[in-house]
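Novice: You'll find my_file.cif just under this line, and it carries mmCIF, C-alpha atoms.
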```cif
data_upload
#
loop_
_atom_site.label_atom_id
_atom_site.label_comp_id
_atom_site.auth_asym_id
_atom_site.auth_seq_id
_atom_site.Cartn_x
_atom_site.Cartn_y
_atom_site.Cartn_z
CA MET A 1 -80.37 -56.51 53.34
CA GLY A 2 -79.39 -56.14 49.67
CA ALA A 3 -79.08 -59.12 47.35
CA ALA A 4 -75.27 -59.08 47.50
CA GLU A 5 -75.10 -58.77 51.28
CA GLY A 6 -74.99 -61.77 53.55
CA PRO A 7 -75.50 -61.61 57.31
CA GLU A 8 -71.78 -61.11 58.02
CA THR A 9 -71.47 -58.33 55.40
CA SER A 10 -74.21 -56.20 56.92
CA ARG A 11 -72.51 -56.32 60.36
CA ARG A 12 -68.95 -55.78 59.17
CA PRO A 13 -67.57 -52.65 60.85
CA GLU A 14 -65.66 -50.06 58.84
CA TRP A 15 -62.78 -50.21 61.35
CA PRO A 16 -61.48 -53.67 62.27
CA ASP A 17 -62.59 -54.62 65.78
CA ASP A 18 -59.27 -56.28 66.51
CA LEU A 19 -57.01 -53.41 65.34
CA ASP A 20 -55.06 -52.22 68.38
CA VAL A 21 -53.44 -48.94 67.30
CA ARG A 22 -51.90 -48.37 70.75
CA ALA A 23 -50.15 -51.78 70.61
CA LEU A 24 -48.92 -51.07 67.08
CA LEU A 25 -47.45 -47.75 68.21
CA GLU A 26 -45.84 -49.36 71.25
CA ASP A 27 -44.25 -51.94 68.93
CA GLY A 28 -42.70 -49.10 66.88
CA TRP A 29 -45.16 -48.81 64.01
CA ARG A 30 -45.64 -45.29 62.73
CA PRO A 31 -48.17 -44.15 60.15
CA THR A 32 -46.74 -42.98 56.85
CA PRO A 33 -47.10 -39.19 56.64
CA PHE A 34 -48.39 -37.40 53.58
CA ARG A 35 -45.61 -35.95 51.46
CA ASP A 36 -47.63 -34.96 48.41
CA PHE A 37 -50.39 -32.35 48.45
CA VAL A 38 -52.66 -31.47 45.54
CA ILE A 39 -54.29 -28.07 45.99
CA LYS A 40 -57.22 -27.06 43.83
CA VAL A 41 -56.44 -23.37 43.45
CA HIS A 42 -59.12 -22.65 40.83
CA SER A 43 -62.37 -24.52 40.38
CA ARG A 44 -63.14 -23.64 36.77
CA CYS A 45 -61.61 -24.73 33.47
CA ASN A 46 -61.19 -23.00 30.13
CA LEU A 47 -61.62 -26.21 28.11
CA ALA A 48 -64.60 -28.52 27.62
CA CYS A 49 -62.89 -31.92 27.36
CA ASP A 50 -65.51 -34.53 26.53
CA TYR A 51 -64.15 -37.02 29.06
CA CYS A 52 -63.91 -34.59 31.97
CA TYR A 53 -65.44 -36.17 35.05
CA MET A 54 -65.71 -32.78 36.74
CA TYR A 55 -67.21 -30.34 34.27
CA GLU A 56 -68.80 -32.43 31.54
CA MET A 57 -70.63 -35.16 33.46
CA ALA A 58 -73.77 -35.25 35.61
CA ASP A 59 -72.34 -33.79 38.84
CA GLN A 60 -72.47 -30.04 38.45
CA GLY A 61 -71.66 -29.29 42.10
CA TRP A 62 -68.62 -27.28 41.02
CA ARG A 63 -70.95 -24.49 39.93
CA SER A 64 -71.61 -23.56 43.57
CA GLN A 65 -67.92 -23.58 44.56
CA PRO A 66 -65.87 -20.38 44.75
CA ARG A 67 -63.92 -19.81 41.55
CA ARG A 68 -60.53 -19.58 43.22
CA MET A 69 -59.08 -20.42 46.58
CA SER A 70 -59.28 -17.34 48.79
CA ARG A 71 -56.21 -15.91 50.52
CA PRO A 72 -57.43 -16.87 54.01
CA ILE A 73 -57.84 -20.47 52.82
CA VAL A 74 -54.39 -20.38 51.19
CA ASP A 75 -52.97 -19.16 54.51
CA MET A 76 -54.70 -21.96 56.43
CA VAL A 77 -53.63 -24.66 53.94
CA ALA A 78 -50.02 -23.45 54.08
CA ARG A 79 -50.04 -23.53 57.90
CA ARG A 80 -51.55 -27.02 58.00
CA ILE A 81 -49.03 -28.43 55.51
CA ALA A 82 -46.22 -26.83 57.53
CA GLU A 83 -47.60 -28.26 60.79
CA HIS A 84 -47.84 -31.69 59.21
CA ALA A 85 -44.28 -31.49 57.90
CA GLU A 86 -42.95 -30.38 61.26
CA THR A 87 -44.93 -32.94 63.28
CA ASN A 88 -43.78 -35.76 61.01
CA LEU A 89 -40.17 -34.57 60.75
CA LEU A 90 -40.34 -34.24 56.98
CA ASP A 91 -37.55 -32.47 55.15
CA ARG A 92 -39.58 -32.03 51.94
CA VAL A 93 -43.16 -31.76 50.75
CA ASP A 94 -44.37 -31.75 47.17
CA VAL A 95 -47.26 -29.40 46.43
CA ILE A 96 -49.12 -29.51 43.12
CA LEU A 97 -51.18 -26.45 42.19
CA HIS A 98 -54.15 -27.88 40.34
CA GLY A 99 -57.62 -27.03 39.17
CA GLY A 100 -59.88 -26.91 37.02
CA GLU A 101 -57.26 -24.83 35.31
CA PRO A 102 -54.92 -23.30 37.93
CA LEU A 103 -53.65 -20.57 35.59
CA LEU A 104 -57.14 -19.05 35.69
CA ALA A 105 -56.18 -17.90 39.21
CA GLY A 106 -53.79 -15.39 37.62
CA VAL A 107 -50.11 -14.58 38.04
CA ASP A 108 -50.52 -12.51 41.22
CA HIS A 109 -52.63 -15.12 43.00
CA LEU A 110 -50.29 -17.96 42.04
CA ARG A 111 -47.39 -15.86 43.33
CA TYR A 112 -49.25 -15.37 46.60
CA ILE A 113 -49.97 -19.10 46.92
CA ALA A 114 -46.39 -20.15 46.18
CA THR A 115 -44.75 -17.63 48.49
CA THR A 116 -47.26 -18.26 51.29
CA ILE A 117 -46.65 -22.01 51.18
CA ARG A 118 -42.89 -21.62 51.15
CA GLU A 119 -42.83 -18.98 53.89
CA ALA A 120 -45.01 -21.15 56.14
CA MET A 121 -42.58 -24.07 56.05
CA PRO A 122 -40.17 -24.63 58.92
CA PRO A 123 -36.60 -23.67 57.93
CA ASP A 124 -35.53 -27.28 57.41
CA VAL A 125 -38.47 -28.21 55.12
CA HIS A 126 -38.27 -27.71 51.36
CA ALA A 127 -41.57 -27.15 49.57
CA ALA A 128 -41.21 -28.32 45.96
CA LEU A 129 -43.96 -26.70 43.91
CA GLN A 130 -45.49 -27.84 40.65
CA VAL A 131 -48.37 -26.60 38.56
CA GLN A 132 -50.46 -28.93 36.38
CA THR A 133 -52.04 -27.05 33.49
CA ASN A 134 -53.75 -27.68 30.18
CA GLY A 135 -51.23 -25.19 28.75
CA VAL A 136 -53.66 -22.95 26.90
CA LEU A 137 -52.92 -19.91 29.08
CA LEU A 138 -49.15 -20.38 29.37
CA ASP A 139 -47.51 -17.11 28.37
CA PRO A 140 -44.28 -15.25 29.19
CA TYR A 141 -45.78 -13.84 32.43
CA PHE A 142 -46.58 -17.27 33.83
CA LEU A 143 -43.31 -18.74 32.56
CA ASP A 144 -41.32 -15.92 34.19
CA LEU A 145 -43.20 -16.47 37.46
CA PHE A 146 -42.54 -20.21 37.41
CA ASP A 147 -38.88 -19.66 36.61
CA GLU A 148 -38.51 -17.02 39.34
CA LEU A 149 -40.20 -19.16 42.00
CA ASP A 150 -38.76 -22.50 40.86
CA ILE A 151 -42.16 -24.01 40.10
CA SER A 152 -42.11 -27.06 37.85
CA VAL A 153 -44.71 -27.14 35.08
CA GLY A 154 -46.67 -30.17 33.88
CA VAL A 155 -48.74 -29.76 30.74
CA SER A 156 -51.57 -32.18 30.02
CA LEU A 157 -51.31 -33.29 26.41
CA ASP A 158 -53.24 -36.16 24.88
CA GLY A 159 -50.87 -37.42 22.18
CA ASP A 160 -50.59 -35.94 18.71
CA GLU A 161 -52.74 -33.11 17.37
CA GLU A 162 -55.53 -35.34 16.09
CA GLY A 163 -55.77 -37.36 19.30
CA HIS A 164 -55.52 -34.33 21.53
CA ASP A 165 -58.08 -32.23 19.67
CA ARG A 166 -60.55 -35.12 19.51
CA HIS A 167 -61.21 -34.71 23.23
CA ARG A 168 -59.52 -31.54 24.57
CA ARG A 169 -61.65 -28.89 22.95
CA ARG A 170 -62.72 -25.39 23.79
CA ALA A 171 -66.38 -24.67 24.54
CA ASP A 172 -66.88 -23.63 20.88
CA GLY A 173 -65.55 -27.01 19.68
CA ARG A 174 -62.11 -25.85 18.50
CA GLY A 175 -59.13 -27.96 19.50
CA SER A 176 -56.41 -26.68 21.83
CA TYR A 177 -53.32 -28.48 20.52
CA GLN A 178 -51.93 -25.65 18.36
CA THR A 179 -52.30 -23.11 21.17
CA ILE A 180 -50.35 -25.35 23.52
CA ARG A 181 -47.70 -26.18 20.91
CA ASP A 182 -47.12 -22.52 20.07
#
```
Would you mind giving the structure from this file in structure tokens?
Specialist:
Amino acid sequence: MGAAEGPETSRRPEWPDDLDVRALLEDGWRPTPFRDFVIKVHSRCNLACDYCYMYEMADQGWRSQPRRMSRPIVDMVARRIAEHAETNLLDRVDVILHGGEPLLAGVDHLRYIATTIREAMPPDVHAALQVQTNGVLLDPYFLDLFDELDISVGVSLDGDEEGHDRHRRRADGRGSYQTIRD
């Protein structure tokens, strides 16, 4: 037993012994379904932010991950979100395309992901799509795609130029603020 553990702590189960899920369901309780899904479509980033928990700290497990989500995985994720929406009688799901840097997946792959997710949804379920990006790669091709497919865009920006560039730098040490602003 560790110093912080007393006898009752070491025997405490992860699931409460007295939780009767069947009785809760019979009384009308229903679990709250997921409505928001964050999908890591690309596992690399084009910046070297000094505070990044993923790429700049001790855990380097990302190095062994595939760079981008494969089409078969996209297909499976889309089906599972659709099944969840249908099972839980949802009329809307929110899906955030995330990374690393999701724009590294490329225009064609992001198009595939967005259309696959939307086509998988039951007819009465709206899939609202968003992409969260550091903004460095935003160009007319991506902007046209997002406009065409009604994908909202969130750009991560850390304040003014000085504050942003203090932490959100490229691998060579240059800041990224001006690229995003332009």
Novice: Please provide the set of residues having any atom within 7 Å of region 90-104 of chain A, restricted to all atoms listed in the file, with same-chain residues fewer than 5 positions apart removed, written as a list in words.
Specialist: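 Selected residues are Arg35, Asp36, Phe37, Val38, Ile39, Lys40, Val41, His42, Ser43, Arg44, Cys45, Asn46, Ala85, Asp124, Val125, His126, Ala127, Ala128, Leu129, Gln130, Val131, Gln132, Thr133, Asn134 and Leu137 of chain A.
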Novice: Excluding same-chain residues fewer than 2 positions from Leu138 (chain A), what lies within 10 Å of it counting all atoms listed in the file, as a compact mmCIF listing (two decimals) with C-alpha atoms, in the frame of the given file?
Specialist:
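Output file result_24.txt is given in full below:
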```txt
# COMPACT_ATOMS: atom_id res chain seq x y z
CA LEU A 103 -53.65 -20.57 35.59
CA THR A 133 -52.04 -27.05 33.49
CA ASN A 134 -53.75 -27.68 30.18
CA GLY A 135 -51.23 -25.19 28.75
CA VAL A 136 -53.66 -22.95 26.90
CA PRO A 140 -44.28 -15.25 29.19
CA TYR A 141 -45.78 -13.84 32.43
CA PHE A 142 -46.58 -17.27 33.83
CA LEU A 143 -43.31 -18.74 32.56
CA VAL A 153 -44.71 -27.14 35.08
CA VAL A 155 -48.74 -29.76 30.74
CA THR A 179 -52.30 -23.11 21.17
CA ILE A 180 -50.35 -25.35 23.52
CA ASP A 182 -47.12 -22.52 20.07
```
Novice: Between CA of Arg80 (chain A) and CA of Ala105 (chain A), what is the distance, to one decimal in Å?
Specialist: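 Separation between CA of Arg80 (chain A) and CA of Ala105 (chain A): 21.4 Å.
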Novice: Would you give me, as JSON lines, each residue of region 9-53 of chain A having an atom within 10 Å of an atom of region 163-169 of chain A, along with its shortest atom pair and that distance in Å to one decimal, using all atoms listed in the file and sorting by chain and residue number?
Specialist:
```
{"residue": "A:Asn46", "atom": "CA", "partner": "A:Arg169", "partner_atom": "CA", "distance": 9.3}
{"residue": "A:Leu47", "atom": "CA", "partner": "A:Arg169", "partner_atom": "CA", "distance": 5.8}
{"residue": "A:Ala48", "atom": "CA", "partner": "A:Arg169", "partner_atom": "CA", "distance": 5.5}
{"residue": "A:Cys49", "atom": "CA", "partner": "A:Arg168", "partner_atom": "CA", "distance": 4.4}
{"residue": "A:Asp50", "atom": "CA", "partner": "A:His167", "partner_atom": "CA", "distance": 5.4}
{"residue": "A:Tyr51", "atom": "CA", "partner": "A:His167", "partner_atom": "CA", "distance": 6.9}
{"residue": "A:Cys52", "atom": "CA", "partner": "A:Arg168", "partner_atom": "CA", "distance": 9.1}
```
Novice: Please, what distance in Å, to one decimal, runs between CA of Asp139 (chain A) and CA of Ser156 (chain A)?
Specialist: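 Distance between the two atoms: 15.7 Å.
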Novice: Report as a list in words the full result of the PyMOL selection byres ((chain A and resi 88) around 10) when it is applied to this structure.
Specialist: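 Applying the PyMOL selection byres ((chain A and resi 88) around 10) to the structure shown produces Arg30, Pro31, Thr32, Pro33, Phe34, Arg35, Ala82, Glu83, His84, Ala85, Glu86, Thr87, Leu89, Leu90 and Asp91 of chain A.
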Novice: Provide the CA of Ile113 (chain A) to CA of Asp144 (chain A) distance in Å, to one decimal place.
Specialist: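 Those two atoms sit 15.7 Å apart.
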Novice: With distances taken over only C-alpha atoms, which of A:Thr115, A:Ala171, A:Val21, A:Ser176 is nearest to Asp158 (chain A)?
Specialist: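 Closest candidate: A:Ser176.
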Novice: Using the structure just given, write a file holding N, CA and C atoms for region 31-44 of chain A, as a PDB file, in the first residue's frame.
Specialist:
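out-v6.pdb was written with the following content:
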```pdb
ATOM      1  N   PRO A  31     -28.544   7.360 -20.676  1.00  0.00           N
ATOM      2  CA  PRO A  31     -27.226   7.993 -20.762  1.00  0.00           C
ATOM      3  C   PRO A  31     -27.252   9.116 -21.791  1.00  0.00           C
ATOM      4  N   THR A  32     -26.427  10.103 -21.594  1.00  0.00           N
ATOM      5  CA  THR A  32     -26.329  11.208 -22.537  1.00  0.00           C
ATOM      6  C   THR A  32     -25.439  10.775 -23.698  1.00  0.00           C
ATOM      7  N   PRO A  33     -25.957  10.792 -24.910  1.00  0.00           N
ATOM      8  CA  PRO A  33     -25.136  10.358 -26.055  1.00  0.00           C
ATOM      9  C   PRO A  33     -24.090  11.411 -26.431  1.00  0.00           C
ATOM     10  N   PHE A  34     -23.029  10.936 -27.041  1.00  0.00           N
ATOM     11  CA  PHE A  34     -22.035  11.852 -27.598  1.00  0.00           C
ATOM     12  C   PHE A  34     -22.672  12.625 -28.740  1.00  0.00           C
ATOM     13  N   ARG A  35     -22.371  13.894 -28.825  1.00  0.00           N
ATOM     14  CA  ARG A  35     -22.817  14.713 -29.951  1.00  0.00           C
ATOM     15  C   ARG A  35     -21.629  15.339 -30.673  1.00  0.00           C
ATOM     16  N   ASP A  36     -20.503  15.381 -29.988  1.00  0.00           N
ATOM     17  CA  ASP A  36     -19.298  16.007 -30.528  1.00  0.00           C
ATOM     18  C   ASP A  36     -18.212  14.953 -30.713  1.00  0.00           C
ATOM     19  N   PHE A  37     -17.594  14.965 -31.882  1.00  0.00           N
ATOM     20  CA  PHE A  37     -16.549  14.002 -32.201  1.00  0.00           C
ATOM     21  C   PHE A  37     -15.335  14.761 -32.708  1.00  0.00           C
ATOM     22  N   VAL A  38     -14.179  14.483 -32.137  1.00  0.00           N
ATOM     23  CA  VAL A  38     -12.924  15.067 -32.582  1.00  0.00           C
ATOM     24  C   VAL A  38     -12.145  13.952 -33.254  1.00  0.00           C
ATOM     25  N   ILE A  39     -11.834  14.153 -34.517  1.00  0.00           N
ATOM     26  CA  ILE A  39     -11.150  13.119 -35.307  1.00  0.00           C
ATOM     27  C   ILE A  39      -9.757  13.611 -35.672  1.00  0.00           C
ATOM     28  N   LYS A  40      -8.766  12.851 -35.259  1.00  0.00           N
ATOM     29  CA  LYS A  40      -7.381  13.198 -35.566  1.00  0.00           C
ATOM     30  C   LYS A  40      -7.076  12.663 -36.964  1.00  0.00           C
ATOM     31  N   VAL A  41      -7.179  13.536 -37.957  1.00  0.00           N
ATOM     32  CA  VAL A  41      -7.036  13.098 -39.345  1.00  0.00           C
ATOM     33  C   VAL A  41      -5.583  13.068 -39.812  1.00  0.00           C
ATOM     34  N   HIS A  42      -4.703  13.778 -39.103  1.00  0.00           N
ATOM     35  CA  HIS A  42      -3.278  13.758 -39.428  1.00  0.00           C
ATOM     36  C   HIS A  42      -2.499  13.825 -38.130  1.00  0.00           C
ATOM     37  N   SER A  43      -1.480  12.993 -38.009  1.00  0.00           N
ATOM     38  CA  SER A  43      -0.787  12.894 -36.724  1.00  0.00           C
ATOM     39  C   SER A  43       0.539  13.648 -36.674  1.00  0.00           C
ATOM     40  N   ARG A  44       0.786  14.498 -37.632  1.00  0.00           N
ATOM     41  CA  ARG A  44       1.998  15.315 -37.597  1.00  0.00           C
ATOM     42  C   ARG A  44       1.607  16.786 -37.585  1.00  0.00           C
TER      43      ARG A  44
END
```
